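Visitor: What follows is coords_26.txt; its format and atoms are compact mmCIF, N, CA and C atoms.
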```txt
# COMPACT_ATOMS: atom_id res chain seq x y z
N MET A 1 4.90 -26.17 18.05
CA MET A 1 4.77 -26.82 16.77
C MET A 1 6.06 -26.61 15.98
N ASN A 2 6.44 -27.63 15.26
CA ASN A 2 7.66 -27.58 14.46
C ASN A 2 7.32 -27.36 13.00
N TYR A 3 7.77 -26.25 12.45
CA TYR A 3 7.47 -25.89 11.07
C TYR A 3 8.72 -26.00 10.21
N THR A 4 8.51 -26.19 8.91
CA THR A 4 9.60 -26.05 7.95
C THR A 4 9.26 -24.89 7.03
N TYR A 5 10.29 -24.19 6.64
CA TYR A 5 10.14 -22.97 5.85
C TYR A 5 10.83 -23.18 4.50
N HIS A 6 10.14 -22.85 3.44
CA HIS A 6 10.66 -23.01 2.09
C HIS A 6 10.60 -21.64 1.42
N LEU A 7 11.78 -21.06 1.21
CA LEU A 7 11.88 -19.71 0.67
C LEU A 7 12.41 -19.76 -0.75
N PHE A 8 11.60 -19.28 -1.68
CA PHE A 8 11.94 -19.21 -3.09
C PHE A 8 12.26 -17.77 -3.44
N SER A 9 13.47 -17.55 -3.95
CA SER A 9 13.87 -16.20 -4.35
C SER A 9 14.92 -16.29 -5.45
N GLY A 10 15.27 -15.14 -5.99
CA GLY A 10 16.29 -15.09 -7.01
C GLY A 10 17.14 -13.85 -6.87
N ASN A 11 18.43 -13.99 -7.14
CA ASN A 11 19.32 -12.83 -7.01
C ASN A 11 19.11 -11.82 -8.14
N TRP A 12 18.29 -12.13 -9.10
CA TRP A 12 17.93 -11.24 -10.20
C TRP A 12 16.69 -10.40 -9.86
N CYS A 13 16.06 -10.72 -8.74
CA CYS A 13 14.76 -10.14 -8.36
C CYS A 13 14.93 -9.02 -7.33
N PRO A 14 14.63 -7.76 -7.70
CA PRO A 14 14.77 -6.65 -6.75
C PRO A 14 13.94 -6.82 -5.48
N MET A 15 12.72 -7.35 -5.59
CA MET A 15 11.89 -7.55 -4.40
C MET A 15 12.51 -8.58 -3.47
N CYS A 16 13.12 -9.61 -4.04
CA CYS A 16 13.78 -10.64 -3.23
C CYS A 16 14.96 -10.04 -2.47
N ILE A 17 15.73 -9.23 -3.17
CA ILE A 17 16.91 -8.61 -2.56
C ILE A 17 16.50 -7.73 -1.39
N MET A 18 15.39 -7.03 -1.53
CA MET A 18 14.90 -6.17 -0.44
C MET A 18 14.30 -7.00 0.70
N ALA A 19 13.63 -8.08 0.37
CA ALA A 19 12.92 -8.87 1.39
C ALA A 19 13.84 -9.77 2.19
N LEU A 20 14.90 -10.28 1.57
CA LEU A 20 15.73 -11.29 2.23
C LEU A 20 16.28 -10.85 3.59
N PRO A 21 16.81 -9.63 3.75
CA PRO A 21 17.29 -9.24 5.08
C PRO A 21 16.17 -9.23 6.13
N GLN A 22 14.97 -8.82 5.74
CA GLN A 22 13.85 -8.80 6.68
C GLN A 22 13.46 -10.23 7.08
N ILE A 23 13.44 -11.11 6.10
CA ILE A 23 13.07 -12.51 6.37
C ILE A 23 14.12 -13.15 7.28
N MET A 24 15.39 -12.96 6.95
CA MET A 24 16.47 -13.56 7.75
C MET A 24 16.47 -13.00 9.17
N SER A 25 16.20 -11.72 9.30
CA SER A 25 16.13 -11.11 10.63
C SER A 25 15.00 -11.74 11.45
N THR A 26 13.89 -12.00 10.81
CA THR A 26 12.75 -12.62 11.50
C THR A 26 13.10 -14.05 11.90
N PHE A 27 13.73 -14.80 11.00
CA PHE A 27 14.14 -16.17 11.33
C PHE A 27 15.08 -16.16 12.53
N LYS A 28 16.01 -15.21 12.54
CA LYS A 28 16.97 -15.12 13.65
C LYS A 28 16.24 -14.76 14.95
N GLU A 29 15.35 -13.78 14.87
CA GLU A 29 14.58 -13.36 16.05
C GLU A 29 13.78 -14.52 16.63
N LEU A 30 13.21 -15.34 15.76
CA LEU A 30 12.40 -16.48 16.20
C LEU A 30 13.26 -17.68 16.62
N GLU A 31 14.58 -17.53 16.46
CA GLU A 31 15.53 -18.58 16.82
C GLU A 31 15.17 -19.92 16.17
N LEU A 32 14.89 -19.86 14.86
CA LEU A 32 14.53 -21.06 14.14
C LEU A 32 15.74 -21.95 13.93
N ASP A 33 15.50 -23.25 13.97
CA ASP A 33 16.54 -24.22 13.67
C ASP A 33 16.85 -24.13 12.18
N LYS A 34 18.11 -23.88 11.85
CA LYS A 34 18.49 -23.70 10.45
C LYS A 34 18.16 -24.91 9.59
N SER A 35 18.09 -26.08 10.20
CA SER A 35 17.77 -27.28 9.41
C SER A 35 16.31 -27.28 8.95
N ASN A 36 15.50 -26.38 9.51
CA ASN A 36 14.09 -26.27 9.12
C ASN A 36 13.85 -25.20 8.05
N ILE A 37 14.93 -24.58 7.58
CA ILE A 37 14.81 -23.52 6.58
C ILE A 37 15.43 -24.00 5.27
N ASN A 38 14.65 -23.98 4.22
CA ASN A 38 15.11 -24.42 2.91
C ASN A 38 15.08 -23.26 1.94
N PHE A 39 16.19 -23.01 1.27
CA PHE A 39 16.31 -21.92 0.32
C PHE A 39 16.36 -22.48 -1.10
N TYR A 40 15.66 -21.83 -2.00
CA TYR A 40 15.62 -22.23 -3.40
C TYR A 40 15.98 -21.02 -4.25
N ASP A 41 17.02 -21.18 -5.06
CA ASP A 41 17.46 -20.11 -5.95
C ASP A 41 16.74 -20.31 -7.28
N VAL A 42 15.76 -19.46 -7.53
CA VAL A 42 14.90 -19.58 -8.71
C VAL A 42 15.49 -18.78 -9.86
N ASN A 43 15.49 -19.37 -11.05
CA ASN A 43 16.00 -18.62 -12.19
C ASN A 43 14.97 -17.58 -12.65
N ALA A 44 15.40 -16.69 -13.52
CA ALA A 44 14.55 -15.57 -13.93
C ALA A 44 13.29 -16.01 -14.69
N PHE A 45 13.32 -17.19 -15.27
CA PHE A 45 12.15 -17.71 -15.98
C PHE A 45 11.21 -18.49 -15.07
N LYS A 46 11.64 -18.65 -13.83
CA LYS A 46 10.89 -19.42 -12.81
C LYS A 46 10.63 -20.85 -13.29
N THR A 47 11.66 -21.43 -13.91
CA THR A 47 11.57 -22.81 -14.39
C THR A 47 12.52 -23.75 -13.64
N GLU A 48 13.45 -23.21 -12.89
CA GLU A 48 14.40 -24.01 -12.12
C GLU A 48 14.48 -23.46 -10.71
N PRO A 49 14.57 -24.28 -9.71
CA PRO A 49 14.61 -25.74 -9.72
C PRO A 49 13.22 -26.33 -10.01
N LYS A 50 13.10 -26.98 -11.13
CA LYS A 50 11.83 -27.42 -11.69
C LYS A 50 10.99 -28.25 -10.73
N GLU A 51 11.58 -29.28 -10.14
CA GLU A 51 10.81 -30.18 -9.27
C GLU A 51 10.21 -29.44 -8.08
N ASP A 52 10.99 -28.57 -7.47
CA ASP A 52 10.51 -27.82 -6.30
C ASP A 52 9.48 -26.76 -6.68
N ILE A 53 9.69 -26.10 -7.82
CA ILE A 53 8.73 -25.11 -8.29
C ILE A 53 7.38 -25.76 -8.56
N GLU A 54 7.41 -26.93 -9.17
CA GLU A 54 6.16 -27.65 -9.45
C GLU A 54 5.51 -28.14 -8.16
N LYS A 55 6.32 -28.71 -7.27
CA LYS A 55 5.79 -29.25 -6.01
C LYS A 55 5.07 -28.17 -5.20
N PHE A 56 5.67 -26.99 -5.12
CA PHE A 56 5.10 -25.91 -4.31
C PHE A 56 4.27 -24.92 -5.11
N LYS A 57 4.10 -25.18 -6.40
CA LYS A 57 3.30 -24.32 -7.29
C LYS A 57 3.74 -22.85 -7.21
N ILE A 58 5.02 -22.64 -7.43
CA ILE A 58 5.60 -21.30 -7.35
C ILE A 58 5.37 -20.56 -8.67
N ARG A 59 4.78 -19.39 -8.57
CA ARG A 59 4.52 -18.55 -9.75
C ARG A 59 5.27 -17.23 -9.67
N ARG A 60 5.51 -16.76 -8.45
CA ARG A 60 6.17 -15.48 -8.24
C ARG A 60 7.20 -15.61 -7.12
N VAL A 61 8.16 -14.71 -7.13
CA VAL A 61 9.14 -14.66 -6.05
C VAL A 61 9.24 -13.24 -5.52
N PRO A 62 9.56 -13.05 -4.27
CA PRO A 62 9.82 -14.09 -3.29
C PRO A 62 8.52 -14.78 -2.84
N THR A 63 8.66 -16.05 -2.54
CA THR A 63 7.55 -16.82 -1.95
C THR A 63 8.10 -17.61 -0.78
N LEU A 64 7.40 -17.52 0.33
CA LEU A 64 7.72 -18.31 1.52
C LEU A 64 6.55 -19.25 1.78
N VAL A 65 6.84 -20.55 1.84
CA VAL A 65 5.83 -21.56 2.13
C VAL A 65 6.18 -22.16 3.48
N VAL A 66 5.19 -22.23 4.37
CA VAL A 66 5.40 -22.79 5.70
C VAL A 66 4.58 -24.07 5.82
N LEU A 67 5.27 -25.16 6.22
CA LEU A 67 4.62 -26.45 6.39
C LEU A 67 4.68 -26.86 7.85
N ASP A 68 3.64 -27.59 8.30
CA ASP A 68 3.66 -28.12 9.65
C ASP A 68 4.41 -29.46 9.66
N GLU A 69 4.43 -30.14 10.82
CA GLU A 69 5.20 -31.38 10.93
C GLU A 69 4.63 -32.52 10.09
N ASN A 70 3.41 -32.36 9.60
CA ASN A 70 2.79 -33.35 8.71
C ASN A 70 2.95 -32.98 7.24
N ASN A 71 3.81 -31.98 6.98
CA ASN A 71 4.05 -31.46 5.63
C ASN A 71 2.80 -30.88 4.99
N LYS A 72 1.90 -30.37 5.82
CA LYS A 72 0.71 -29.68 5.34
C LYS A 72 1.01 -28.18 5.33
N GLU A 73 0.66 -27.52 4.23
CA GLU A 73 0.89 -26.09 4.14
C GLU A 73 -0.01 -25.35 5.11
N VAL A 74 0.60 -24.54 5.97
CA VAL A 74 -0.16 -23.76 6.94
C VAL A 74 -0.16 -22.28 6.61
N GLY A 75 0.67 -21.89 5.65
CA GLY A 75 0.70 -20.49 5.26
C GLY A 75 1.66 -20.25 4.12
N ARG A 76 1.42 -19.16 3.43
CA ARG A 76 2.24 -18.79 2.27
C ARG A 76 2.22 -17.27 2.14
N ILE A 77 3.38 -16.74 1.84
CA ILE A 77 3.50 -15.32 1.51
C ILE A 77 4.08 -15.27 0.10
N THR A 78 3.36 -14.66 -0.81
CA THR A 78 3.79 -14.60 -2.20
C THR A 78 3.98 -13.15 -2.63
N GLU A 79 5.20 -12.79 -2.84
CA GLU A 79 5.62 -11.51 -3.41
C GLU A 79 5.34 -10.32 -2.50
N PHE A 80 4.10 -10.11 -2.12
CA PHE A 80 3.75 -8.94 -1.32
C PHE A 80 3.29 -9.37 0.07
N VAL A 81 3.62 -8.57 1.06
CA VAL A 81 3.19 -8.85 2.43
C VAL A 81 1.98 -7.99 2.77
N ASN A 82 1.22 -8.44 3.76
CA ASN A 82 0.08 -7.64 4.23
C ASN A 82 0.55 -6.51 5.12
N LYS A 83 1.35 -6.86 6.14
CA LYS A 83 1.85 -5.85 7.08
C LYS A 83 3.34 -5.68 6.90
N SER A 84 4.09 -6.72 7.23
CA SER A 84 5.54 -6.76 7.03
C SER A 84 5.91 -8.24 6.98
N TRP A 85 7.11 -8.53 6.49
CA TRP A 85 7.53 -9.93 6.47
C TRP A 85 7.49 -10.50 7.88
N SER A 86 8.00 -9.74 8.83
CA SER A 86 8.05 -10.23 10.21
C SER A 86 6.65 -10.51 10.77
N GLU A 87 5.77 -9.54 10.65
CA GLU A 87 4.42 -9.72 11.19
C GLU A 87 3.65 -10.82 10.48
N ASP A 88 3.81 -10.90 9.16
CA ASP A 88 3.08 -11.93 8.41
C ASP A 88 3.58 -13.33 8.74
N ILE A 89 4.90 -13.49 8.88
CA ILE A 89 5.44 -14.79 9.27
C ILE A 89 4.94 -15.18 10.66
N LYS A 90 4.98 -14.23 11.57
CA LYS A 90 4.52 -14.51 12.95
C LYS A 90 3.03 -14.86 12.98
N GLU A 91 2.23 -14.25 12.12
CA GLU A 91 0.82 -14.59 12.05
C GLU A 91 0.62 -16.03 11.59
N ILE A 92 1.42 -16.45 10.62
CA ILE A 92 1.30 -17.81 10.10
C ILE A 92 1.59 -18.84 11.18
N ILE A 93 2.64 -18.62 11.94
CA ILE A 93 3.06 -19.63 12.91
C ILE A 93 2.42 -19.44 14.28
N GLY A 94 1.66 -18.36 14.42
CA GLY A 94 0.91 -18.13 15.66
C GLY A 94 1.80 -17.75 16.78
```
What would the structure in this file look like if it were written as structure tokens?
Guide:
Amino acid sequence: MNYTYHLFSGNWCPMCIMALPQIMSTFKELELDKSNINFYDVNAFKTEPKEDIEKFKIRRVPTLVVLDENNKEVGRITEFVNKSWSEDIKEIIG
């Protein structure tokens, strides 16, 4: 299955700074096509990028939204992980 990944984070966010290396390591391990990964730099008020924040209903960062090839959301990780970023991402994509 071909998924697209939408990662919302901000360089002002300590949790984002800690999570980003783990997320990127997982993407690399899974050998994901970079064209399927979309990064969004969210401002501290979580108001920009407005259109994308509204479309994906982003309230907290970091947030990773995973869509299938029909653009249907198949999973989301918001701020906190259950096990680890790697394990949670792998659970979403099976």
Visitor: Considering only helix (DSSP H, G or I) as DSSP defines it on the backbone, what residues of range 15-92 of chain A qualify? List them as a ChimeraX atom specification.
Guide: /A:15-29,34-36,50-56,85-92
Visitor: How about saving the chosen residues, N, CA and C atoms kept, as a compact mmCIF listing (two decimals), in the frame of the given file?
Guide:
```txt
# COMPACT_ATOMS: atom_id res chain seq x y z
N MET A 15 12.72 -7.35 -5.59
CA MET A 15 11.89 -7.55 -4.40
C MET A 15 12.51 -8.58 -3.47
N CYS A 16 13.12 -9.61 -4.04
CA CYS A 16 13.78 -10.64 -3.23
C CYS A 16 14.96 -10.04 -2.47
N ILE A 17 15.73 -9.23 -3.17
CA ILE A 17 16.91 -8.61 -2.56
C ILE A 17 16.50 -7.73 -1.39
N MET A 18 15.39 -7.03 -1.53
CA MET A 18 14.90 -6.17 -0.44
C MET A 18 14.30 -7.00 0.70
N ALA A 19 13.63 -8.08 0.37
CA ALA A 19 12.92 -8.87 1.39
C ALA A 19 13.84 -9.77 2.19
N LEU A 20 14.90 -10.28 1.57
CA LEU A 20 15.73 -11.29 2.23
C LEU A 20 16.28 -10.85 3.59
N PRO A 21 16.81 -9.63 3.75
CA PRO A 21 17.29 -9.24 5.08
C PRO A 21 16.17 -9.23 6.13
N GLN A 22 14.97 -8.82 5.74
CA GLN A 22 13.85 -8.80 6.68
C GLN A 22 13.46 -10.23 7.08
N ILE A 23 13.44 -11.11 6.10
CA ILE A 23 13.07 -12.51 6.37
C ILE A 23 14.12 -13.15 7.28
N MET A 24 15.39 -12.96 6.95
CA MET A 24 16.47 -13.56 7.75
C MET A 24 16.47 -13.00 9.17
N SER A 25 16.20 -11.72 9.30
CA SER A 25 16.13 -11.11 10.63
C SER A 25 15.00 -11.74 11.45
N THR A 26 13.89 -12.00 10.81
CA THR A 26 12.75 -12.62 11.50
C THR A 26 13.10 -14.05 11.90
N PHE A 27 13.73 -14.80 11.00
CA PHE A 27 14.14 -16.17 11.33
C PHE A 27 15.08 -16.16 12.53
N LYS A 28 16.01 -15.21 12.54
CA LYS A 28 16.97 -15.12 13.65
C LYS A 28 16.24 -14.76 14.95
N GLU A 29 15.35 -13.78 14.87
CA GLU A 29 14.58 -13.36 16.05
C GLU A 29 13.78 -14.52 16.63
N LYS A 34 18.11 -23.88 11.85
CA LYS A 34 18.49 -23.70 10.45
C LYS A 34 18.16 -24.91 9.59
N SER A 35 18.09 -26.08 10.20
CA SER A 35 17.77 -27.28 9.41
C SER A 35 16.31 -27.28 8.95
N ASN A 36 15.50 -26.38 9.51
CA ASN A 36 14.09 -26.27 9.12
C ASN A 36 13.85 -25.20 8.05
N LYS A 50 13.10 -26.98 -11.13
CA LYS A 50 11.83 -27.42 -11.69
C LYS A 50 10.99 -28.25 -10.73
N GLU A 51 11.58 -29.28 -10.14
CA GLU A 51 10.81 -30.18 -9.27
C GLU A 51 10.21 -29.44 -8.08
N ASP A 52 10.99 -28.57 -7.47
CA ASP A 52 10.51 -27.82 -6.30
C ASP A 52 9.48 -26.76 -6.68
N ILE A 53 9.69 -26.10 -7.82
CA ILE A 53 8.73 -25.11 -8.29
C ILE A 53 7.38 -25.76 -8.56
N GLU A 54 7.41 -26.93 -9.17
CA GLU A 54 6.16 -27.65 -9.45
C GLU A 54 5.51 -28.14 -8.16
N LYS A 55 6.32 -28.71 -7.27
CA LYS A 55 5.79 -29.25 -6.01
C LYS A 55 5.07 -28.17 -5.20
N PHE A 56 5.67 -26.99 -5.12
CA PHE A 56 5.10 -25.91 -4.31
C PHE A 56 4.27 -24.92 -5.11
N TRP A 85 7.11 -8.53 6.49
CA TRP A 85 7.53 -9.93 6.47
C TRP A 85 7.49 -10.50 7.88
N SER A 86 8.00 -9.74 8.83
CA SER A 86 8.05 -10.23 10.21
C SER A 86 6.65 -10.51 10.77
N GLU A 87 5.77 -9.54 10.65
CA GLU A 87 4.42 -9.72 11.19
C GLU A 87 3.65 -10.82 10.48
N ASP A 88 3.81 -10.90 9.16
CA ASP A 88 3.08 -11.93 8.41
C ASP A 88 3.58 -13.33 8.74
N ILE A 89 4.90 -13.49 8.88
CA ILE A 89 5.44 -14.79 9.27
C ILE A 89 4.94 -15.18 10.66
N LYS A 90 4.98 -14.23 11.57
CA LYS A 90 4.52 -14.51 12.95
C LYS A 90 3.03 -14.86 12.98
N GLU A 91 2.23 -14.25 12.12
CA GLU A 91 0.82 -14.59 12.05
C GLU A 91 0.62 -16.03 11.59
N ILE A 92 1.42 -16.45 10.62
CA ILE A 92 1.30 -17.81 10.10
C ILE A 92 1.59 -18.84 11.18
```
Visitor: What does the distance between atom N of Thr63 in chain A and atom C of Met1 in chain A come to in Å, to one decimal place?
Guide: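 Atom-to-atom, atom N of Thr63 in chain A to atom C of Met1 in chain A, that is 21.5 Å.
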Visitor: What does the distance between atom N of Val81 in chain A and atom C of Tyr3 in chain A come to in Å, to one decimal place?
Guide: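 Here the two named atoms are 20.3 Å from each other.
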Visitor: Residues near Asn2 in chain A, anyone? I mean within 8 Å using all atoms listed in the file, not counting same-chain ones fewer than 3 positions away, as a ChimeraX atom specification.
Guide: /A:5,36,67-70
Visitor: What's the separation between CA of Phe8 in chain A and CA of Pro21 in chain A, in Å to one decimal place?
Guide: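 For CA of Phe8 in chain A relative to CA of Pro21 in chain A, the distance reads 14.0 Å.
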Visitor: If you run DSSP on the backbone, which residues of chain A are strand (DSSP E), as a list in words?
Guide: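 Secondary structure check on chain A, strand (DSSP E): Thr4, Tyr5, His6, Leu7, Phe8, Ser9, Ile37, Asn38, Phe39, Tyr40, Asp41, Thr63, Leu64, Val65, Val66, Leu67, Glu73, Val74, Gly75, Arg76, Ile77 and Thr78 of chain A.
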Visitor: Neighbours of Thr26 in chain A within 7 Å (all atoms listed in the file; same-chain residues fewer than 6 positions away dropped), as a list in words?
Guide: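 Counting only the stated atoms, we get Leu32, Trp85 and Ser86 of chain A.
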Visitor: Using only C-alpha atoms, pick whichever of A:Thr4, A:Thr47, A:Arg59, A:Asn82 has the shortest atom-to-atom distance to Phe27 in chain A.
Guide: A:Thr4
Visitor: Taking only C-alpha atoms into account, name the residue in A:Met18, A:Met24, A:Val74, A:Cys13 that is nearest to Ala44 in chain A.
Guide: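 Selected residue with least distance to Ala44 in chain A: A:Cys13.
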Visitor: With all atoms listed in the file as the atoms that count, which of A:Lys83, A:Glu48, A:Ile23, A:Ile92 lies nearest to Val66 in chain A?
Guide: A:Ile92
Visitor: Would you be able to write out as a ChimeraX atom specification which residues have an atom within 5 Å of (10.5, -18.0, -1.0) in the file's coordinates, counting all atoms listed in the file?
Guide: /A:6-9,62-64
Visitor: Ranking A:Glu79, A:Glu31, A:Ile89, A:Val61 by minimum distance to Lys46 in chain A and counting only C-alpha atoms, which one comes first?
Guide: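 Among the listed residues, A:Val61 lies closest to Lys46 in chain A.
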Visitor: Select, from A:Ser84, A:Ile17, A:Gly10, A:Ile58, the residue with the minimum atom-to-atom distance to Tyr40 in chain A, counting only N, CA and C atoms.
Guide: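 With only N, CA and C atoms as the atom set, the closest residue is A:Gly10.
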